[in-house]
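Data block for target-v8.txt (compact mmCIF, C-alpha atoms):
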# COMPACT_ATOMS: atom_id res chain seq x y z
CA MET A 1 184.97 80.97 196.97
CA ALA A 2 184.52 84.39 198.40
CA ASP A 3 187.80 85.99 199.37
CA THR A 4 186.48 88.22 202.14
CA MET A 5 184.17 87.71 205.08
CA GLN A 6 182.23 89.94 207.41
CA PHE A 7 184.13 90.77 210.59
CA ASP A 8 182.44 92.24 213.68
CA LEU A 9 183.97 93.10 217.00
CA VAL A 10 181.48 94.05 219.69
CA SER A 11 181.75 94.66 223.41
CA PRO A 12 178.74 95.04 225.72
CA GLU A 13 179.11 98.80 225.63
CA ARG A 14 179.61 99.39 221.95
CA SER A 15 180.44 97.97 218.60
CA LEU A 16 184.14 98.53 217.84
CA ALA A 17 184.54 97.33 214.32
CA SER A 18 182.50 96.06 211.45
CA ALA A 19 184.33 95.50 208.19
CA SER A 20 185.09 92.93 205.56
CA ALA A 21 188.28 91.05 206.24
CA THR A 22 190.40 88.46 204.50
CA GLU A 23 191.98 87.02 207.59
CA VAL A 24 191.37 87.22 211.35
CA LEU A 25 193.78 85.93 213.96
CA ILE A 26 191.92 85.01 217.13
CA PRO A 27 193.49 84.31 220.53
CA GLY A 28 191.39 81.24 221.30
CA ALA A 29 191.36 79.56 224.68
CA GLU A 30 192.96 76.45 223.22
CA GLY A 31 195.48 78.37 221.18
CA ASP A 32 195.59 81.00 218.49
CA LEU A 33 193.69 80.33 215.32
CA THR A 34 193.38 82.16 212.08
CA ALA A 35 189.99 82.34 210.46
CA MET A 36 189.76 82.79 206.73
CA PRO A 37 186.72 82.69 204.47
CA ASP A 38 185.05 79.27 204.34
CA HIS A 39 186.32 78.30 207.75
CA ALA A 40 184.38 75.52 209.41
CA PRO A 41 181.70 76.93 211.76
CA THR A 42 183.36 77.21 215.16
CA ILE A 43 182.68 78.78 218.51
CA THR A 44 185.66 79.35 220.75
CA THR A 45 186.19 81.19 224.00
CA LEU A 46 188.91 83.82 224.13
CA ARG A 47 191.93 84.24 226.30
CA PRO A 48 193.33 87.73 226.87
CA GLY A 49 195.39 88.64 223.85
CA PHE A 50 195.64 90.45 220.58
CA LEU A 51 193.19 90.08 217.78
CA LYS A 52 194.64 90.76 214.34
CA VAL A 53 192.41 91.64 211.44
CA VAL A 54 193.68 91.79 207.87
CA SER A 55 191.48 93.66 205.46
CA ASP A 56 192.58 95.14 202.13
CA GLY A 57 196.15 94.26 202.94
CA ALA A 58 196.17 96.44 206.07
CA THR A 59 196.40 94.89 209.53
CA LYS A 60 194.52 96.24 212.51
CA GLU A 61 195.11 95.06 216.04
CA TYR A 62 192.72 94.93 218.93
CA LEU A 63 193.18 93.89 222.49
CA VAL A 64 190.46 91.61 223.81
CA VAL A 65 189.76 90.22 227.27
CA GLY A 66 187.15 87.56 227.91
CA GLY A 67 184.26 86.53 225.73
CA PHE A 68 184.03 84.33 222.68
CA ALA A 69 184.22 84.27 218.90
CA GLU A 70 181.72 82.83 216.51
CA ILE A 71 183.15 81.79 213.16
CA THR A 72 181.02 80.80 210.20
CA SER A 73 182.00 80.32 206.59
CA THR A 74 181.11 83.90 205.73
CA SER A 75 181.62 85.83 208.93
CA VAL A 76 183.59 86.20 212.15
CA SER A 77 181.92 87.79 215.17
CA VAL A 78 184.00 88.45 218.22
CA LEU A 79 182.07 89.19 221.40
CA ALA A 80 184.59 90.43 223.91
CA GLU A 81 183.82 91.55 227.45
CA LYS A 82 186.52 94.17 227.16
CA ALA A 83 187.94 95.31 223.86
CA PHE A 84 190.24 98.16 222.91
CA SER A 85 191.96 99.09 219.71
CA ARG A 86 195.68 98.59 220.01
CA GLU A 87 196.57 102.25 219.49
CA ALA A 88 194.04 103.52 222.01
CA VAL A 89 194.83 101.26 224.93
CA THR A 90 197.34 102.24 227.59
CA ARG A 91 199.42 100.03 229.81
CA ASP A 92 197.58 101.41 232.81
CA GLU A 93 194.26 100.04 231.60
CA VAL A 94 195.69 96.57 231.16
CA GLN A 95 197.46 96.88 234.48
CA ALA A 96 194.11 97.67 236.13
CA ILE A 97 192.55 94.52 234.68
CA LEU A 98 195.56 92.52 235.80
CA THR A 99 195.42 93.86 239.34
CA GLU A 100 191.75 92.98 239.56
CA ALA A 101 192.38 89.48 238.19
CA GLU A 102 195.18 88.92 240.69
CA GLU A 103 192.93 89.91 243.56
CA ARG A 104 190.25 87.54 242.35
CA ARG A 105 192.71 84.69 241.92
CA SER A 106 192.85 84.00 245.62
CA ASP A 107 189.07 83.40 245.75
CA HIS A 108 189.33 80.43 243.44
CA SER A 109 190.45 76.88 243.92
CA GLY A 110 190.91 73.76 241.80
CA HIS A 111 190.03 74.10 238.16
CA GLU A 112 188.95 77.69 238.49
CA ARG A 113 192.24 78.49 240.12
CA ASP A 114 194.06 77.07 237.11
CA MET A 115 191.91 79.15 234.84
CA SER A 116 192.56 82.37 236.67
CA ASP A 117 196.28 81.58 236.90
CA ARG A 118 196.30 81.24 233.17
CA PHE A 119 194.28 84.40 232.80
CA VAL A 120 196.82 86.33 234.84
CA ALA A 121 199.73 84.80 232.93
CA ASP A 122 198.14 85.79 229.64
CA LEU A 123 197.68 89.33 230.84
CA VAL A 124 201.30 89.56 231.97
CA HIS A 125 202.38 88.26 228.58
CA MET A 126 200.19 90.85 226.90
CA LEU A 127 201.80 93.60 228.96
CA ASP A 128 205.24 92.38 227.90
CA LEU A 129 204.23 92.55 224.27
CA MET A 130 203.06 96.11 224.70
CA ALA A 131 206.27 97.33 226.22
CA MET B 1 140.54 136.14 250.35
CA PRO B 2 144.28 136.44 249.81
CA SER B 3 145.68 139.93 249.64
CA LEU B 4 147.25 141.34 246.49
CA LYS B 5 150.70 140.90 247.92
CA ASP B 6 150.04 137.25 248.73
CA LEU B 7 148.86 136.60 245.21
CA LYS B 8 151.89 138.29 243.73
CA ASN B 9 154.23 136.19 245.88
CA ARG B 10 152.35 133.08 244.92
CA ILE B 11 152.69 133.83 241.20
CA GLU B 12 156.39 134.49 241.57
CA SER B 13 156.93 131.20 243.38
CA VAL B 14 155.01 129.18 240.80
CA LYS B 15 157.03 130.89 238.09
CA SER B 16 160.29 129.81 239.62
CA THR B 17 158.93 126.28 240.05
CA ARG B 18 158.11 126.28 236.36
CA LYS B 19 161.66 127.33 235.55
CA ILE B 20 163.02 124.43 237.57
CA THR B 21 160.74 121.81 236.05
CA LYS B 22 161.48 123.14 232.58
CA ALA B 23 165.22 122.87 233.24
CA MET B 24 164.80 119.34 234.62
CA GLN B 25 162.83 118.37 231.55
CA MET B 26 165.57 119.57 229.26
CA VAL B 27 168.27 117.84 231.28
CA ALA B 28 166.23 114.63 231.18
CA ALA B 29 165.84 114.98 227.41
CA ALA B 30 169.59 115.27 226.96
CA LYS B 31 170.24 112.35 229.30
CA LEU B 32 167.58 110.30 227.58
CA ARG B 33 169.35 110.68 224.27
CA ARG B 34 172.57 109.45 225.80
CA ALA B 35 170.86 106.58 227.60
CA GLN B 36 169.15 105.53 224.39
CA GLU B 37 172.44 105.60 222.52
CA ALA B 38 174.02 103.43 225.19
CA ALA B 39 171.13 100.98 225.01
CA GLU B 40 171.38 100.91 221.24
CA ALA B 41 175.15 100.36 221.34
CA SER B 42 174.81 97.32 223.57
CA ARG B 43 172.15 95.70 221.44
CA PRO B 44 174.41 93.94 218.88
CA TYR B 45 176.32 92.24 221.68
CA THR B 46 173.22 91.14 223.56
CA GLU B 47 171.47 89.85 220.46
CA ARG B 48 174.38 87.78 219.23
CA PHE B 49 175.12 86.54 222.70
CA ASN B 50 171.56 85.37 223.16
CA ALA B 51 171.48 83.75 219.74
CA VAL B 52 174.61 81.73 220.50
CA MET B 53 173.40 80.87 223.99
CA ALA B 54 170.02 79.77 222.66
CA GLY B 55 171.74 77.30 220.35
CA LEU B 56 174.12 76.10 223.04
CA SER B 57 171.57 75.71 225.80
CA ALA B 58 169.09 73.95 223.55
CA ALA B 59 171.75 71.36 222.86
CA ALA B 60 172.77 71.02 226.51
CA ALA B 61 169.35 71.16 228.13
CA GLY B 62 168.70 67.49 227.57
CA SER B 63 171.89 66.15 229.12
CA ASP B 64 172.20 65.37 232.81
CA SER B 65 175.44 67.24 233.16
CA ALA B 66 173.92 70.58 232.18
CA PRO B 67 175.27 73.36 234.43
CA ARG B 68 173.11 74.34 237.37
CA LEU B 69 172.80 77.87 236.08
CA LEU B 70 170.88 76.42 233.17
CA SER B 71 169.02 73.49 234.66
CA GLY B 72 168.32 75.01 238.06
CA THR B 73 168.87 73.45 241.45
CA GLY B 74 165.97 71.07 241.05
CA SER B 75 163.80 72.94 243.51
CA GLU B 76 161.93 76.21 243.35
CA ALA B 77 161.54 76.93 247.02
CA VAL B 78 163.58 80.10 247.37
CA HIS B 79 163.17 83.00 245.00
CA LEU B 80 165.48 85.98 244.71
CA LEU B 81 163.90 89.09 243.26
CA VAL B 82 166.32 91.69 241.97
CA VAL B 83 164.37 94.92 241.85
CA MET B 84 166.00 97.64 239.78
CA THR B 85 164.81 101.18 240.24
CA ALA B 86 166.24 104.67 240.00
CA GLU B 87 168.44 106.44 242.50
CA ARG B 88 166.34 109.56 242.27
CA GLY B 89 162.70 110.44 242.34
CA LEU B 90 160.69 113.02 240.41
CA CYS B 91 160.23 110.71 237.49
CA GLY B 92 156.51 110.09 237.48
CA GLY B 93 155.31 106.58 238.12
CA PHE B 94 158.59 104.99 237.08
CA ASN B 95 159.75 103.67 240.44
CA SER B 96 156.28 102.91 241.74
CA SER B 97 155.27 100.83 238.75
CA ILE B 98 158.33 98.60 239.07
CA VAL B 99 157.79 98.25 242.80
CA LYS B 100 154.13 97.48 242.23
CA LEU B 101 155.00 94.64 239.89
CA ALA B 102 157.58 93.27 242.33
CA ARG B 103 155.15 93.54 245.23
CA ALA B 104 152.50 91.58 243.33
CA LYS B 105 155.09 88.91 242.61
CA VAL B 106 156.10 88.70 246.26
CA HIS B 107 152.49 88.20 247.34
CA GLU B 108 151.93 85.61 244.63
CA LEU B 109 155.04 83.65 245.66
CA GLN B 110 154.23 83.86 249.33
CA ARG B 111 150.72 82.56 248.71
CA ALA B 112 152.31 79.64 246.88
CA GLY B 113 154.37 78.96 250.01
CA LYS B 114 157.75 79.97 248.60
CA THR B 115 160.47 81.86 250.40
CA VAL B 116 161.22 85.25 248.92
CA LYS B 117 164.41 87.27 249.15
CA ILE B 118 164.80 90.73 247.74
CA LEU B 119 167.89 92.42 246.41
CA THR B 120 167.41 96.03 245.45
CA VAL B 121 169.35 98.12 242.99
CA GLY B 122 168.60 101.80 243.31
CA LYS B 123 167.63 103.72 246.40
CA LYS B 124 164.00 104.45 245.55
CA GLY B 125 162.98 100.83 245.24
CA ARG B 126 164.64 99.98 248.53
CA ASP B 127 162.84 102.79 250.34
CA GLN B 128 159.45 101.71 249.02
CA LEU B 129 159.92 98.00 249.61
CA ARG B 130 161.45 98.35 253.04
CA ARG B 131 158.13 99.39 254.50
CA ASP B 132 156.35 96.14 253.64
CA PHE B 133 159.11 93.61 253.21
CA GLY B 134 161.93 94.89 255.38
CA SER B 135 162.63 91.42 256.69
CA LEU B 136 162.98 89.94 253.21
CA MET B 137 165.68 92.30 252.01
CA VAL B 138 169.03 90.58 251.69
CA GLY B 139 171.05 93.29 250.08
CA HIS B 140 171.25 96.54 248.23
CA VAL B 141 173.43 97.76 245.40
CA ASP B 142 174.13 101.45 245.43
CA LEU B 143 174.68 103.11 242.08
CA THR B 144 174.42 106.69 243.32
CA ALA B 145 178.03 107.41 242.50
CA VAL B 146 177.78 105.99 239.01
CA LYS B 147 177.58 108.71 236.39
CA ARG B 148 177.82 106.60 233.31
CA LEU B 149 176.65 103.04 233.50
CA SER B 150 179.36 100.62 232.47
CA TYR B 151 179.48 96.89 231.99
CA ALA B 152 181.61 96.66 235.11
CA ASP B 153 178.63 97.83 237.20
CA ALA B 154 176.52 95.01 235.81
CA GLN B 155 179.35 92.57 236.44
CA GLY B 156 179.44 93.71 240.05
CA ILE B 157 175.75 92.95 240.51
CA ALA B 158 176.07 89.67 238.63
CA LYS B 159 178.96 88.66 240.89
CA ASP B 160 176.85 89.36 243.95
CA VAL B 161 173.94 87.33 242.58
CA LEU B 162 176.13 84.44 241.43
CA GLY B 163 177.92 84.37 244.76
CA ARG B 164 174.60 83.94 246.52
CA PHE B 165 173.60 81.25 244.04
CA ASP B 166 176.83 79.33 244.64
CA SER B 167 176.27 79.39 248.38
CA ALA B 168 172.76 78.03 247.76
CA GLU B 169 170.90 81.06 249.07
CA PHE B 170 168.22 80.80 246.38
CA ASP B 171 166.95 78.62 243.54
CA VAL B 172 165.37 81.05 241.11
CA ALA B 173 166.37 84.62 240.35
CA THR B 174 164.16 87.15 238.62
CA ILE B 175 165.00 90.72 237.70
CA PHE B 176 162.49 93.56 237.67
CA PHE B 177 163.06 96.57 235.48
CA SER B 178 161.27 98.85 233.09
CA ARG B 179 161.51 98.25 229.38
CA PHE B 180 161.80 101.43 227.36
CA GLN B 181 159.10 101.64 224.73
CA SER B 182 158.88 105.37 224.12
CA VAL B 183 158.94 108.59 226.12
CA ILE B 184 155.33 108.10 227.12
CA SER B 185 155.40 104.37 227.59
CA GLN B 186 157.71 102.27 229.75
CA ILE B 187 156.71 98.74 230.53
CA PRO B 188 157.58 97.24 233.92
CA THR B 189 158.99 93.81 233.15
CA GLU B 190 160.05 90.72 235.05
CA GLN B 191 162.63 88.41 233.58
CA GLN B 192 164.00 85.19 234.96
CA ILE B 193 167.79 85.06 234.83
CA ILE B 194 168.56 81.94 236.87
CA PRO B 195 167.94 79.23 235.70
CA ALA B 196 168.83 80.92 232.44
CA LYS B 197 166.28 81.22 229.71
CA PHE B 198 167.29 82.38 226.28
CA GLU B 199 164.78 83.31 223.66
CA ASP B 200 165.52 81.53 220.46
CA GLN B 201 165.86 84.16 217.77
CA GLY B 202 164.98 81.45 215.28
CA GLU B 203 167.27 82.84 212.60
CA GLY B 204 169.09 79.71 211.64
CA ALA B 205 171.59 80.19 214.46
CA SER B 206 170.66 76.85 215.91
CA ALA B 207 170.60 75.22 212.49
CA THR B 208 174.35 75.55 211.95
CA VAL B 209 176.45 72.83 213.48
CA TYR B 210 179.44 74.41 215.20
CA ASP B 211 182.77 73.07 216.30
CA TYR B 212 183.35 74.01 219.90
CA GLU B 213 186.71 74.92 221.33
CA PRO B 214 187.09 73.91 224.15
CA GLY B 215 184.16 71.49 224.56
CA GLU B 216 180.54 72.51 224.42
CA GLU B 217 180.07 72.12 228.16
CA GLU B 218 183.15 74.16 229.07
CA ILE B 219 181.99 76.96 226.84
CA LEU B 220 178.55 76.85 228.37
CA ALA B 221 180.02 76.90 231.87
CA ASP B 222 182.17 79.86 230.90
CA LEU B 223 179.43 81.79 229.18
CA LEU B 224 176.47 81.29 231.54
CA PRO B 225 177.83 83.58 234.27
CA ARG B 226 178.62 86.13 231.57
CA GLY B 227 175.06 85.72 230.34
CA VAL B 228 173.78 86.80 233.75
CA ALA B 229 175.93 89.91 233.59
CA THR B 230 174.81 90.62 230.04
CA GLN B 231 171.15 90.37 230.96
CA ILE B 232 171.61 92.57 233.98
CA PHE B 233 173.53 95.09 231.91
CA SER B 234 170.87 95.34 229.26
CA ALA B 235 168.18 95.61 231.95
CA LEU B 236 170.11 98.44 233.61
CA LEU B 237 170.42 100.28 230.32
CA GLU B 238 166.73 99.85 229.53
CA ASN B 239 165.98 101.09 233.01
CA GLY B 240 168.22 104.12 232.57
CA ALA B 241 166.46 105.11 229.36
CA SER B 242 163.05 104.49 230.92
CA GLU B 243 163.90 106.61 233.94
CA GLN B 244 164.91 109.58 231.84
CA GLY B 245 161.96 109.17 229.51
CA SER B 246 159.61 108.96 232.43
CA ARG B 247 161.19 111.98 234.11
CA MET B 248 160.97 113.96 230.90
CA ALA B 249 157.26 113.23 230.55
CA ALA B 250 156.61 113.98 234.22
CA MET B 251 158.48 117.28 234.08
CA ASP B 252 156.74 118.26 230.87
CA ASN B 253 153.45 117.74 232.67
CA ALA B 254 154.61 119.70 235.67
CA THR B 255 155.72 122.59 233.48
CA ARG B 256 152.34 122.68 231.79
CA ASN B 257 150.49 122.55 235.10
CA ALA B 258 152.58 125.40 236.44
CA GLY B 259 151.72 127.44 233.36
CA GLU B 260 148.01 126.85 233.87
CA MET B 261 148.30 127.77 237.53
CA ILE B 262 150.09 131.01 236.68
CA GLU B 263 147.31 131.94 234.27
CA LYS B 264 144.63 131.25 236.87
CA LEU B 265 146.46 133.19 239.57
CA THR B 266 147.09 136.12 237.25
CA ILE B 267 143.38 136.39 236.48
CA GLN B 268 142.59 136.26 240.17
CA TYR B 269 145.25 138.90 240.84
CA ASN B 270 143.89 141.24 238.18
CA ARG B 271 140.33 140.83 239.39
CA SER B 272 141.16 141.69 242.97
CA ARG B 273 143.28 144.61 241.83
CA GLN B 274 140.35 146.00 239.86
CA ALA B 275 137.98 145.39 242.74
CA ALA B 276 140.30 147.34 245.02
CA ILE B 277 140.50 150.26 242.58
CA THR B 278 136.73 150.30 242.14
CA ASN B 279 136.33 150.36 245.91
CA GLU B 280 138.71 153.29 246.25
CA LEU B 281 136.89 155.18 243.51
CA ILE B 282 133.52 154.65 245.21
CA GLU B 283 134.99 155.94 248.44
CA ILE B 284 136.42 159.05 246.78
CA ILE B 285 133.20 159.81 244.88
CA SER B 286 130.95 159.33 247.86
CA GLY B 287 133.33 161.44 249.92
CA ALA B 288 133.15 164.23 247.32
CA GLU B 289 129.35 164.05 247.20
CA ALA B 290 129.08 164.39 250.97
CA LEU B 291 130.81 167.77 250.88
Show me the file's structure as structure tokens.
Amino acid sequence: MADTMQFDLVSPERSLASASATEVLIPGAEGDLTAMPDHAPTITTLRPGFLKVVSDGATKEYLVVGGFAEITSTSVSVLAEKAFSREAVTRDEVQAILTEAEERRSDHSGHERDMSDRFVADLVHMLDLMA
Amino acid sequence: MPSLKDLKNRIESVKSTRKITKAMQMVAAAKLRRAQEAAEASRPYTERFNAVMAGLSAAAAGSDSAPRLLSGTGSEAVHLLVVMTAERGLCGGFNSSIVKLARAKVHELQRAGKTVKILTVGKKGRDQLRRDFGSLMVGHVDLTAVKRLSYADAQGIAKDVLGRFDSAEFDVATIFFSRFQSVISQIPTEQQIIPAKFEDQGEGASATVYDYEPGEEEILADLLPRGVATQIFSALLENGASEQGSRMAAMDNATRNAGEMIEKLTIQYNRSRQAAITNELIEIISGAEAL
């Protein structure tokens, strides 16, 4: 069994990370999950949150909003609509996304309303963690 | 016959035109590099996205509950053409070739008895299409203020298009843009975005059986609107690179033409100068002989 896997984090505008990792913690829509080598092939959508990547014993954190992750036994690809590295992101940027999401929330109803409520709640939680 | 002074003025003016076109060419070259980098940087995302979507949509296409963005509304009566052009001119045939393709499509659809609606992105396309199809235009997206194209711009356009789709304003959406091949070749392209079509990359992506979290259909419903934005974004980036490439080639041409013109005018100037001198000499000599 291989003990590392290929990890890629890409956003529409650029590719943020490409490295071999031993462990990736993904904020999945149905709950956090940790992918390790030889994980069952899975595709999951993301909720706003922190992505933790462990490679060579060091942990790197990224902030992702929207998109999905594709996990295979040898690789993890995260396609995020917005992605920042934890050190580079400021509260203001997250606040801007939150404000936009809150404005949009009123357009929705029913199931979509639930989704956007959750989206906003996740963002607020993320802001708390950053404080 | 223009006087010497006229010729001199003319040469000066062509020279300054050449300076301007040369500068524009260099600016376009620099911008082209940046646009190409941006297009390159977005490629990994687009490719993976399409690969996943190809697998997902192939699986869902058969079922009755497939989302409307994938299966269509069941009719093809109303077409929305999203025509993407540049905000600025002076870039050779770039805008015209896109408009030409769109115009041909409009005529073809109208002959087939379909209703056509046009949404323009970029001022130049709107100006050209307004003449013939003013009544068909349903909207315009202005990107004049945008310096650096971001995904958010594409999302804005996608939101507009999806909003119209949800309120049943059209059945089929097609985008028109120019695919960047090289500096001398940009290919006007049409691409259907709704109902969504994903090219199968055929690299085993569909062969793997995935677990889906949440369900397959929820993921598809979540990703299809994003797919529209992704396709628009990559089209915008291709367009940006094509525009700069096209402008660079056009300005290179213009610079060369100006150079040729300066040469021609200089020869003409020198000839008339010599003719004038010869004339004066003849006058002086014949004057001296008469004495």
Exercise: B:Ala152 partners within 10 Å, only C-alpha atoms, chain neighbours under 4 positions left out, as an mmCIF file with C-alpha atoms, in the coordinates of the input:
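Once written, around13.cif looks like this:
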data_model
loop_
_atom_site.group_PDB
_atom_site.id
_atom_site.type_symbol
_atom_site.label_atom_id
_atom_site.label_comp_id
_atom_site.auth_asym_id
_atom_site.auth_seq_id
_atom_site.Cartn_x
_atom_site.Cartn_y
_atom_site.Cartn_z
ATOM 1 C CA PRO A 12 178.740 95.040 225.720
ATOM 2 C CA GLU A 81 183.820 91.550 227.450
ATOM 3 C CA LYS A 82 186.520 94.170 227.160
ATOM 4 C CA GLY B 156 179.440 93.710 240.050
ATOM 5 C CA ILE B 157 175.750 92.950 240.510
ATOM 6 C CA ALA B 158 176.070 89.670 238.630
ATOM 7 C CA ALA B 229 175.930 89.910 233.590
ATOM 8 C CA PHE B 233 173.530 95.090 231.910
#
If you take only C-alpha atoms and a cut-off of 8 Å, which residues of chain B touch chain A, and what are their nearest atom pairs and distances in Å to one decimal, in chain and number order, as CSV?
residue,atom,partner,partner_atom,distance
B:Ala38,CA,A:Glu13,CA,6.9
B:Ala41,CA,A:Arg14,CA,4.6
B:Ser42,CA,A:Glu13,CA,5.0
B:Arg43,CA,A:Pro12,CA,7.9
B:Pro44,CA,A:Val10,CA,7.1
B:Tyr45,CA,A:Pro12,CA,5.5
B:Thr46,CA,A:Pro12,CA,7.1
B:Phe49,CA,A:Leu79,CA,7.6
B:Ser150,CA,A:Glu13,CA,7.1
B:Tyr151,CA,A:Pro12,CA,6.6
B:Thr208,CA,A:Pro41,CA,7.5
B:Val209,CA,A:Pro41,CA,6.9
B:Tyr210,CA,A:Thr42,CA,4.8
B:Asp211,CA,A:Thr42,CA,4.3
B:Tyr212,CA,A:Ile43,CA,5.0
B:Glu213,CA,A:Thr44,CA,4.6
B:Pro214,CA,A:Glu30,CA,6.5
B:Ile219,CA,A:Thr45,CA,6.6
B:Leu223,CA,A:Gly67,CA,7.6
B:Thr230,CA,A:Pro12,CA,7.3
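Our summary of the geometry notes that atom CA of B:Glu260 is positioned 12.6 Å from atom CA of B:Thr17.
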Quiz item: In Å, with one decimal, what is the gap from atom CA of B:Glu76 to atom CA of B:Lys105?
Solution: 14.4 Å
Practice problem: Would you work out the distance separating atom CA of B:Asn253 from atom CA of B:Pro2, expressed in Å to one decimal? | Solution: 27.0 Å
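Residues with at least one atom no more than 12 Å from (154.5, 106.2, 231.5), using all atoms listed in the file, are Cys91, Gly92, Gly93, Phe94, Asn95, Ser96, Ser97, Ile98, Ser178, Arg179, Phe180, Gln181, Ser182, Val183, Ile184, Ser185, Gln186, Ile187, Pro188, Ser242, Glu243, Gln244, Gly245, Ser246, Arg247, Met248, Ala249, Ala250 and Asn253 of chain B.
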Self-check item: Contacts of A:Glu93 within 12 Å, all atoms listed in the file, excl. fewer than 3 positions in-chain, as a count of residues only
Solution: 18
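Nearest to B:Asp171 of all the residues B:Leu236, B:Ile267, B:Val106, B:Leu70 is B:Leu70, counting all atoms listed in the file.
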Quiz item: So which one's closest to A:Ser75, A:Pro37, A:Asp122, A:Pro27, A:Asp3? Using only C-alpha atoms, please.
Solution: A:Pro37
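Among the candidate residues B:Thr115, B:Asn50, B:Ser286, B:Ser272, the one lying nearest to B:Ala196 is B:Asn50, with distances computed using only C-alpha atoms.
Minimum atom-to-atom distances from B:Lys159, B:Lys197, B:Lys264, B:Arg226 to B:Gly55 were compared using only C-alpha atoms, and the lowest value belongs to B:Lys197.
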Self-check item: Residue contacts of B:Val138 (12 Å, all atoms listed in the file) excluding same-chain residues fewer than 2 positions away, as a PyMOL selection string
Solution: chain B and resi 79-83+116-121+126+129-130+133-136+140-141+160-161+164+169-170
Practice problem: Identify the residues within 12 Å of coordinate (192.3, 98.5, 213.0) (same frame as the file), considering all atoms listed in the file, and give the answer as a PyMOL selection string. | Solution: chain A and resi 7-9+16-21+24+50-63+84-88
Mind giving me the axis-aligned box for stretch 105-124 of chain B with 5 Å on every side, centre plus edges in Å to one decimal, as AutoDock Vina command-line options?
--center_x 160.0 --center_y 91.7 --center_z 246.5 --size_x 28.6 --size_y 35.5 --size_z 17.8
Quiz prompt | Proximity to A:Met5 - best of A:Ala121, A:Ala101, A:Val64, A:Met36, all atoms listed in the file | solution =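 Counting all atoms listed in the file, the residue closest to A:Met5 is A:Met36.
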Exercise. Find the residue from A:Ser73, A:Leu25, A:Glu102, A:Gln95 that sits nearest to A:Ser116; use only C-alpha atoms when measuring.
Key: A:Glu102
